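The structure file input_29.txt is reproduced below (compact mmCIF, C-alpha atoms and all ligand atoms).
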```
# COMPACT_ATOMS: atom_id res chain seq x y z
CA MET A 13 0.00 0.00 0.00
CA LEU A 14 1.39 3.39 -0.98
CA VAL A 15 0.72 6.49 1.14
CA PHE A 16 1.10 9.97 -0.33
CA ALA A 17 0.57 13.36 1.31
CA LYS A 18 1.44 15.50 -1.71
CA ILE A 19 -0.80 16.10 -4.71
CA LYS A 20 2.13 15.85 -7.11
CA SER A 21 3.29 12.49 -5.73
CA VAL A 22 -0.14 10.89 -5.92
CA GLN A 23 -0.71 12.26 -9.42
CA ASP A 24 2.72 11.07 -10.61
CA LYS A 25 1.85 7.59 -9.35
CA LEU A 26 -1.61 7.61 -10.96
CA ASN A 27 -0.17 8.91 -14.25
CA SER A 28 2.39 6.09 -14.29
CA LEU A 29 -0.34 3.42 -14.29
CA LYS A 30 -1.05 1.36 -17.38
CA LYS A 31 -3.67 2.90 -19.68
CA GLY A 32 -7.15 1.43 -19.29
CA ILE A 33 -6.88 0.68 -15.56
CA THR A 34 -10.05 1.61 -13.67
CA VAL A 35 -9.59 3.67 -10.52
CA GLY A 36 -12.12 3.57 -7.68
CA PHE A 37 -11.98 6.34 -5.07
CA VAL A 38 -13.25 6.44 -1.48
CA PRO A 39 -12.96 9.84 0.23
CA THR A 40 -13.05 9.71 4.04
CA MET A 41 -12.24 11.84 7.07
CA GLY A 42 -10.44 8.97 8.77
CA ALA A 43 -11.29 7.39 12.15
CA LEU A 44 -12.14 4.45 9.98
CA HIS A 45 -14.60 1.71 10.94
CA LYS A 46 -16.20 -1.23 9.16
CA GLY A 47 -18.65 1.09 7.38
CA HIS A 48 -15.77 2.83 5.61
CA LEU A 49 -14.10 -0.50 4.91
CA SER A 50 -17.29 -1.80 3.24
CA LEU A 51 -17.01 1.06 0.73
CA ILE A 52 -13.37 0.23 0.02
CA GLU A 53 -14.16 -3.47 -0.39
CA LYS A 54 -16.92 -2.64 -2.89
CA ALA A 55 -14.56 -0.33 -4.76
CA LYS A 56 -11.95 -3.14 -4.81
CA ARG A 57 -14.46 -5.56 -6.33
CA GLU A 58 -15.45 -3.10 -9.04
CA ASN A 59 -12.10 -1.52 -10.03
CA ASP A 60 -8.51 -2.45 -10.88
CA LEU A 61 -7.10 -0.03 -8.30
CA VAL A 62 -8.54 1.65 -5.21
CA ILE A 63 -7.46 4.90 -3.66
CA ALA A 64 -8.81 6.14 -0.33
CA SER A 65 -8.27 9.62 1.04
CA ILE A 66 -8.08 10.64 4.67
CA PHE A 67 -8.66 14.33 5.17
CA VAL A 68 -10.61 16.07 7.92
CA ASN A 69 -12.04 18.85 5.81
CA PRO A 70 -12.14 22.11 7.84
CA THR A 71 -14.59 23.90 5.53
CA GLN A 72 -17.46 21.48 6.15
CA PHE A 73 -17.57 22.03 9.93
CA ASP A 74 -19.88 24.78 11.09
CA LYS A 75 -18.60 24.50 14.68
CA ASN A 76 -14.86 24.74 15.32
CA GLU A 77 -15.36 22.62 18.44
CA ASP A 78 -16.51 19.69 16.25
CA LEU A 79 -13.49 20.06 13.99
CA VAL A 80 -11.08 20.14 16.95
CA ASN A 81 -12.76 17.14 18.60
CA TYR A 82 -13.01 15.07 15.41
CA PRO A 83 -11.27 11.74 16.21
CA LYS A 84 -7.89 11.28 14.54
CA THR A 85 -6.52 7.74 14.41
CA ILE A 86 -4.20 7.77 11.40
CA ASP A 87 -1.95 4.84 12.44
CA GLN A 88 -4.92 2.56 13.06
CA ASP A 89 -6.57 3.78 9.82
CA LEU A 90 -3.50 2.85 7.77
CA THR A 91 -3.36 -0.58 9.44
CA PHE A 92 -7.04 -1.17 8.55
CA LEU A 93 -6.54 -0.03 4.97
CA LYS A 94 -3.51 -2.24 4.53
CA SER A 95 -5.38 -5.25 5.92
CA ILE A 96 -8.02 -4.97 3.19
CA PHE A 97 -5.44 -4.35 0.45
CA CYS A 98 -6.28 -0.74 -0.34
CA ASP A 99 -3.74 0.21 -3.04
CA ILE A 100 -3.14 3.91 -2.39
CA VAL A 101 -3.95 6.28 0.48
CA PHE A 102 -3.91 10.04 0.02
CA THR A 103 -3.41 11.96 3.29
CA PRO A 104 -2.98 15.65 2.39
CA THR A 105 -2.73 18.55 4.84
CA ALA A 106 -5.20 21.45 4.67
CA GLU A 107 -2.43 23.64 3.18
CA GLU A 108 -1.80 21.09 0.43
CA ILE A 109 -5.49 21.07 -0.53
CA TYR A 110 -6.43 24.71 0.01
CA GLU A 111 -3.05 26.44 -0.25
CA ASN A 112 -3.43 29.72 1.67
CA ASN A 113 -7.18 29.98 1.36
CA ILE A 114 -9.12 27.59 3.59
CA THR A 115 -12.60 28.58 2.43
CA SER A 116 -15.38 26.89 0.53
CA GLN A 117 -16.77 27.76 -2.83
CA PRO A 118 -20.54 28.43 -3.05
CA PHE A 119 -22.56 25.72 -4.81
CA LEU A 120 -26.13 25.44 -6.07
CA PHE A 121 -27.54 21.96 -5.70
CA ASP A 122 -31.07 22.74 -6.95
CA GLY A 123 -32.39 23.16 -3.40
CA LEU A 124 -31.08 19.83 -2.03
CA GLU A 125 -28.74 21.86 0.17
CA PHE A 126 -31.59 23.63 2.00
CA GLU A 127 -33.29 20.49 3.29
CA MET A 128 -32.62 18.61 6.54
CA GLU A 129 -28.86 18.79 7.34
CA GLY A 130 -28.71 22.05 5.39
CA LYS A 131 -31.11 23.70 7.84
CA PHE A 132 -29.00 22.76 10.84
CA ARG A 133 -25.42 22.89 9.52
CA THR A 134 -24.81 26.25 7.83
CA GLY A 135 -22.31 26.08 4.96
CA HIS A 136 -21.77 22.35 5.43
CA PHE A 137 -22.63 21.30 1.87
CA ASP A 138 -20.56 24.09 0.29
CA GLY A 139 -17.64 22.63 2.25
CA VAL A 140 -18.48 19.10 1.10
CA GLY A 141 -18.87 20.20 -2.55
CA THR A 142 -15.59 22.10 -2.42
CA ILE A 143 -13.51 19.24 -1.04
CA VAL A 144 -15.08 16.47 -3.12
CA LYS A 145 -14.68 18.46 -6.35
CA ARG A 146 -11.05 19.25 -5.44
CA LEU A 147 -10.31 15.59 -4.63
CA PHE A 148 -11.93 14.48 -7.91
CA GLU A 149 -9.66 16.95 -9.76
CA VAL A 150 -6.59 15.49 -8.03
CA VAL A 151 -7.45 11.77 -8.27
CA LYS A 152 -9.55 11.74 -11.48
CA PRO A 153 -11.28 8.49 -10.51
CA HIS A 154 -13.57 6.50 -12.81
CA SER A 155 -15.91 5.75 -9.90
CA ALA A 156 -16.30 7.23 -6.42
CA TYR A 157 -18.02 5.52 -3.50
CA PHE A 158 -20.22 7.23 -0.91
CA GLY A 159 -22.32 5.79 1.92
CA GLU A 160 -26.09 6.01 2.13
CA LYS A 161 -25.45 6.76 5.81
CA ASP A 162 -25.09 10.36 4.57
CA PHE A 163 -27.86 10.05 2.01
CA GLN A 164 -28.33 13.79 1.52
CA GLN A 165 -24.59 14.15 0.89
CA LEU A 166 -24.75 11.30 -1.66
CA GLN A 167 -27.58 13.00 -3.56
CA ILE A 168 -25.78 16.36 -3.42
CA ILE A 169 -22.62 14.85 -4.87
CA ARG A 170 -24.66 13.22 -7.64
CA LYS A 171 -26.17 16.64 -8.37
CA MET A 172 -22.73 18.32 -8.39
CA VAL A 173 -21.38 15.71 -10.83
CA GLU A 174 -24.40 16.22 -13.10
CA LYS A 175 -24.33 20.03 -13.02
CA HIS A 176 -20.56 20.36 -13.43
CA HIS A 177 -20.34 17.51 -15.98
CA LEU A 178 -17.66 15.76 -13.93
CA PRO A 179 -16.43 12.55 -15.58
CA VAL A 180 -16.96 10.22 -12.61
CA LYS A 181 -19.56 7.59 -11.74
CA ILE A 182 -21.02 7.97 -8.24
CA VAL A 183 -21.77 4.70 -6.46
CA GLY A 184 -24.01 4.65 -3.36
CA CYS A 185 -23.26 2.01 -0.72
CA PRO A 186 -25.62 0.56 1.94
CA ILE A 187 -25.45 1.64 5.58
CA TYR A 188 -23.23 -0.65 7.63
CA ARG A 189 -24.54 -1.19 11.16
CA GLU A 190 -23.40 -2.48 14.53
CA GLU A 191 -25.02 -5.77 15.59
CA ASP A 192 -27.55 -3.84 17.66
CA GLY A 193 -28.56 -1.76 14.62
CA LEU A 194 -26.75 1.51 15.38
CA ALA A 195 -25.34 2.94 12.13
CA MET A 196 -21.56 2.84 12.34
CA SER A 197 -20.05 6.28 12.72
CA SER A 198 -16.74 7.74 13.84
CA ARG A 199 -18.76 9.68 16.41
CA ASN A 200 -20.02 6.52 18.15
CA THR A 201 -16.71 6.18 19.99
CA ARG A 202 -17.42 9.51 21.70
CA LEU A 203 -20.72 8.31 23.23
CA SER A 204 -20.82 7.66 26.99
CA PRO A 205 -21.59 4.00 27.85
CA GLU A 206 -25.11 5.08 28.87
CA HIS A 207 -25.75 6.91 25.59
CA ARG A 208 -24.15 4.14 23.54
CA ALA A 209 -26.58 1.68 25.16
CA ALA A 210 -29.52 3.98 24.34
CA ALA A 211 -28.54 4.77 20.74
CA PRO A 212 -29.94 1.61 19.01
CA PHE A 213 -33.36 3.13 19.78
CA ILE A 214 -32.82 5.30 16.69
CA TYR A 215 -32.72 2.45 14.17
CA LYS A 216 -35.39 0.51 16.09
CA THR A 217 -37.67 3.54 15.62
CA LEU A 218 -36.80 3.75 11.90
CA LYS A 219 -37.71 0.08 11.41
CA GLU A 220 -41.08 0.71 13.09
CA VAL A 221 -41.52 3.78 10.85
CA LYS A 222 -41.07 1.58 7.79
CA ILE A 223 -43.91 -0.69 8.94
CA LYS A 224 -46.21 2.17 9.97
CA PHE A 225 -45.67 4.02 6.68
CA GLY A 226 -47.45 1.12 4.96
CA THR A 227 -50.78 2.07 6.52
CA LYS A 228 -50.42 5.60 7.93
CA SER A 229 -49.85 9.05 6.43
CA ALA A 230 -46.44 10.78 6.64
CA ALA A 231 -47.91 13.34 9.09
CA GLU A 232 -49.19 10.58 11.38
CA VAL A 233 -45.84 8.79 11.32
CA CYS A 234 -43.98 12.05 12.07
CA GLU A 235 -46.25 12.76 15.02
CA TRP A 236 -45.69 9.24 16.35
CA VAL A 237 -41.88 9.61 16.14
CA ASN A 238 -41.93 13.02 17.82
CA LYS A 239 -43.98 11.56 20.70
CA LYS A 240 -41.59 8.63 21.13
CA PHE A 241 -38.63 11.00 21.52
CA GLU A 242 -40.51 13.42 23.80
CA ASN A 243 -40.55 10.65 26.36
CA HIS A 244 -36.90 9.67 25.93
CA SER A 245 -34.57 10.71 28.75
CA LEU A 246 -31.23 10.36 26.89
CA LEU A 247 -31.86 11.05 23.19
CA LYS A 248 -33.08 14.42 21.93
CA LEU A 249 -34.69 14.56 18.49
CA GLU A 250 -33.37 17.31 16.23
CA TYR A 251 -35.44 16.40 13.18
CA PHE A 252 -37.40 13.54 11.70
CA GLU A 253 -38.62 13.79 8.12
CA ILE A 254 -40.12 11.57 5.47
CA ALA A 255 -38.88 12.85 2.14
CA ASP A 256 -38.78 12.06 -1.55
CA GLU A 257 -35.41 10.39 -2.30
CA ASN A 258 -34.81 12.53 -5.38
CA ASN A 259 -35.56 16.09 -4.30
CA LEU A 260 -35.34 15.43 -0.52
CA LYS A 261 -38.49 17.47 0.04
CA SER A 262 -40.65 16.50 2.96
CA ILE A 263 -43.85 14.88 1.71
CA SER A 264 -47.44 15.45 2.63
CA ILE A 265 -49.20 13.05 0.24
CA LYS A 266 -47.80 9.67 -0.87
CA ASN A 267 -47.68 8.92 -4.54
CA ALA A 268 -47.06 5.50 -6.02
CA GLN A 269 -44.28 6.59 -8.43
CA SER A 270 -41.97 8.19 -5.86
CA LYS A 271 -39.38 6.56 -3.64
CA TYR A 272 -39.40 7.71 -0.03
CA ARG A 273 -36.91 7.64 2.79
CA ALA A 274 -37.16 8.55 6.48
CA PHE A 275 -34.35 10.72 7.86
CA ILE A 276 -33.46 11.38 11.47
CA ALA A 277 -30.97 13.43 13.48
CA VAL A 278 -30.66 12.93 17.22
CA PHE A 279 -28.49 14.35 19.96
CA ALA A 280 -27.05 11.97 22.54
CA GLU A 281 -25.71 14.63 24.89
CA LYS A 282 -23.40 16.65 22.63
CA ILE A 283 -22.96 13.91 20.03
CA ARG A 284 -25.11 14.29 16.94
CA LEU A 285 -26.16 11.04 15.28
CA ILE A 286 -27.90 10.71 11.91
CA ASP A 287 -29.55 7.75 10.23
CA ASN A 288 -32.09 6.98 7.51
CA ILE A 289 -34.11 4.14 6.05
CA SER A 290 -35.64 3.47 2.66
CA LEU A 291 -39.44 3.14 2.96
P1 LIG B 1 -16.71 10.20 6.72
O1 LIG B 1 -15.34 9.73 7.04
O2 LIG B 1 -17.63 10.23 7.89
O3 LIG B 1 -16.72 11.46 5.91
O4 LIG B 1 -17.31 9.08 5.76
C1 LIG B 1 -16.68 8.72 4.56
C2 LIG B 1 -17.63 7.92 3.74
O5 LIG B 1 -18.03 6.74 4.46
C3 LIG B 1 -18.94 8.68 3.42
O6 LIG B 1 -19.31 8.39 2.08
C4 LIG B 1 -19.91 8.09 4.40
O7 LIG B 1 -21.26 8.16 3.96
C5 LIG B 1 -19.44 6.66 4.47
N1 LIG B 1 -19.89 6.01 5.70
C6 LIG B 1 -19.69 6.44 6.97
N2 LIG B 1 -20.29 5.60 7.84
C7 LIG B 1 -20.89 4.63 7.10
C8 LIG B 1 -21.68 3.49 7.41
N3 LIG B 1 -21.99 3.18 8.66
N4 LIG B 1 -22.12 2.72 6.40
C9 LIG B 1 -21.82 3.04 5.10
N5 LIG B 1 -21.09 4.11 4.74
C10 LIG B 1 -20.64 4.90 5.72
```
What would you get if you wrote out this structure as structure tokens?
Amino acid sequence: MLVFAKIKSVQDKLNSLKKGITVGFVPTMGALHKGHLSLIEKAKRENDLVIASIFVNPTQFDKNEDLVNYPKTIDQDLTFLKSIFCDIVFTPTAEEIYENNITSQPFLFDGLEFEMEGKFRTGHFDGVGTIVKRLFEVVKPHSAYFGEKDFQQLQIIRKMVEKHHLPVKIVGCPIYREEDGLAMSSRNTRLSPEHRAAAPFIYKTLKEVKIKFGTKSAAEVCEWVNKKFENHSLLKLEYFEIADENNLKSISIKNAQSKYRAFIAVFAEKIRLIDNISL
């Protein structure tokens, strides 16, 4: 496994590859877990060569406290990546990526950016668009892999690729969960034992939502979820929405042609957890 921190070194390596080799790319912010590894394994199956990046992108954090506290486990990450035969890892510094200007570029994602996470994390998707576009310019992958865990981000990246005519195929990957159903996340390690024990309630609720949505309206299901969290002593609901998968707009009336998904964000003390389920 080769590890490069400089844009020029990684590009020199990629340019030296035989013509016709397919490159799969998995961008991450490190603190890797089995969810990340599932993306890399899928990319390995579908490409001749896989490159992962580890970069905690400062421009997508709206709170400096979150950026400072973001877990950094680079040695363990590299050991994980080596164990699953990742070919190349790109680990740039912020200066290497942004030079002297650590700011994000403004993007228009046809309104996707104003829904859900966009309402609660100002500037987040401009930061995501900026870094993903930059990394695509550096790596020039044939395919790039993103988790459905961050479903809104996945749709936003698809929109960016479409609007900017970027020559890359975006592949969505299923949410990888702990045995008790909690969606794997780098933030889970920051939960207190008490909150960690409570957190599977989130996915349990989503599974019940899926059943209820068969017979009840979106408004009724939303009301039911809100009530469940009102009575919860450890988990605080930030939002719950049932939305159309394509435009991410909250729905009022179901229609047979559309695909729907339920989205949730919850605070366990200061730790913000998100999850979603296809309905
Ligand atoms: P992050 O390091 O949190 O930016 O995540 C890097 C990539 O891994 C993103 O595309 C995430 O959606 C994806 N990812 C994170 N957690 C999971 C998970 N539990 N299952 C599937 N994909 C995930």
What are the nearest atom pairs, with distances in Å to one decimal, for all residues of stretch 78-184 of chain A that come at most 8 Å from stretch 259-271 of chain A, using only C-alpha atoms, set out by chain and rising residue number as a Markdown table?
```
| residue | atom | partner | partner_atom | distance |
| --- | --- | --- | --- | --- |
| A:Gly123 | CA | A:Asn259 | CA | 7.8 |
| A:Leu124 | CA | A:Asn259 | CA | 6.3 |
| A:Glu127 | CA | A:Leu260 | CA | 6.7 |
| A:Gln164 | CA | A:Leu260 | CA | 7.5 |
```
**Prompt:** Any idea what's packed within 12 Å of A:Ser50, counting all atoms listed in the file, ignoring anything in its chain fewer than 6 positions away? Could you give it as a list in words?
**Reply:** Val38, Leu44, Lys56, Arg57, Phe92, Leu93, Ile96, Cys98, Tyr157, Phe158, Gly159, Glu160, Gly184, Cys185, Pro186, Ile187, Tyr188, Arg189 and Met196 of chain A
Keeping only C-alpha atoms, write the selected residues to a file as an mmCIF file, in the coordinates of the input.
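Generated output (result_17.cif):
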```cif
data_model
loop_
_atom_site.group_PDB
_atom_site.id
_atom_site.type_symbol
_atom_site.label_atom_id
_atom_site.label_comp_id
_atom_site.auth_asym_id
_atom_site.auth_seq_id
_atom_site.Cartn_x
_atom_site.Cartn_y
_atom_site.Cartn_z
ATOM 1 C CA VAL A 38 -13.250 6.440 -1.480
ATOM 2 C CA LEU A 44 -12.140 4.450 9.980
ATOM 3 C CA LYS A 56 -11.950 -3.140 -4.810
ATOM 4 C CA ARG A 57 -14.460 -5.560 -6.330
ATOM 5 C CA PHE A 92 -7.040 -1.170 8.550
ATOM 6 C CA LEU A 93 -6.540 -0.030 4.970
ATOM 7 C CA ILE A 96 -8.020 -4.970 3.190
ATOM 8 C CA CYS A 98 -6.280 -0.740 -0.340
ATOM 9 C CA TYR A 157 -18.020 5.520 -3.500
ATOM 10 C CA PHE A 158 -20.220 7.230 -0.910
ATOM 11 C CA GLY A 159 -22.320 5.790 1.920
ATOM 12 C CA GLU A 160 -26.090 6.010 2.130
ATOM 13 C CA GLY A 184 -24.010 4.650 -3.360
ATOM 14 C CA CYS A 185 -23.260 2.010 -0.720
ATOM 15 C CA PRO A 186 -25.620 0.560 1.940
ATOM 16 C CA ILE A 187 -25.450 1.640 5.580
ATOM 17 C CA TYR A 188 -23.230 -0.650 7.630
ATOM 18 C CA ARG A 189 -24.540 -1.190 11.160
ATOM 19 C CA MET A 196 -21.560 2.840 12.340
#
```
Centre and edge lengths of an axis-aligned box around all listed atoms of ligand LIG 1 (chain B), with 8 Å added on each side, are to be given in Å to one decimal, as JSON.
```
{"center_x": -18.7, "center_y": 7.1, "center_z": 5.4, "size_x": 22.8, "size_y": 24.7, "size_z": 22.6}
```
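Distances from A:Gly42, A:Pro104, A:Gly32, A:Gly47 to A:Lys20 were compared using all atoms listed in the file, and the smallest one belongs to A:Pro104.
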**Complete:** Separating atom CA of A:Leu147 from atom CA of A:Gln23, to the nearest tenth of an Å, is a gap of 11.2 Å
**Item:** Distance query A:Val173 at most 12 Å, all atoms listed in the file, self and fewer than 5 positions along chain excluded, as an MDAnalysis selection string
**Value:** chainID A and resid 119:121 141 144:145 148:149 155:156 166:168 178:183
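Taking atom CA of A:Asn258 and atom CA of A:Ala274 as endpoints, the distance between them is 12.7 Å.
A straight line drawn from atom CA of A:Leu79 to atom CA of A:Ile143 is 15.1 Å long.
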**Message:** Could you check the closest approach to ligand LIG 1 (chain B) for each of A:Ile289, A:Ile33, A:Val68, A:Ala277 and tell me which residue wins, using only C-alpha atoms and all ligand atoms?
**Reply:** A:Val68
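Proximity to A:Tyr82 was assessed for A:Val278, A:Met41, A:Val35, A:Val140 counting all atoms listed in the file; the smallest distance is recorded for A:Met41.
Considering all atoms listed in the file, the residue among A:Gln88, A:Gln117, A:Ser197, A:Gln72 positioned nearest to ligand LIG 1 (chain B) is A:Ser197.
Using all atoms listed in the file, the smallest distance between any of A:Leu247, A:Ile114, A:Ile19, A:Leu285 and ligand LIG 1 (chain B) comes from A:Leu285.
In this comparison, which uses all atoms listed in the file, the residue of A:Asn81, A:Thr134, A:Thr115, A:Asn200 approaching ligand LIG 1 (chain B) most closely is A:Asn200.
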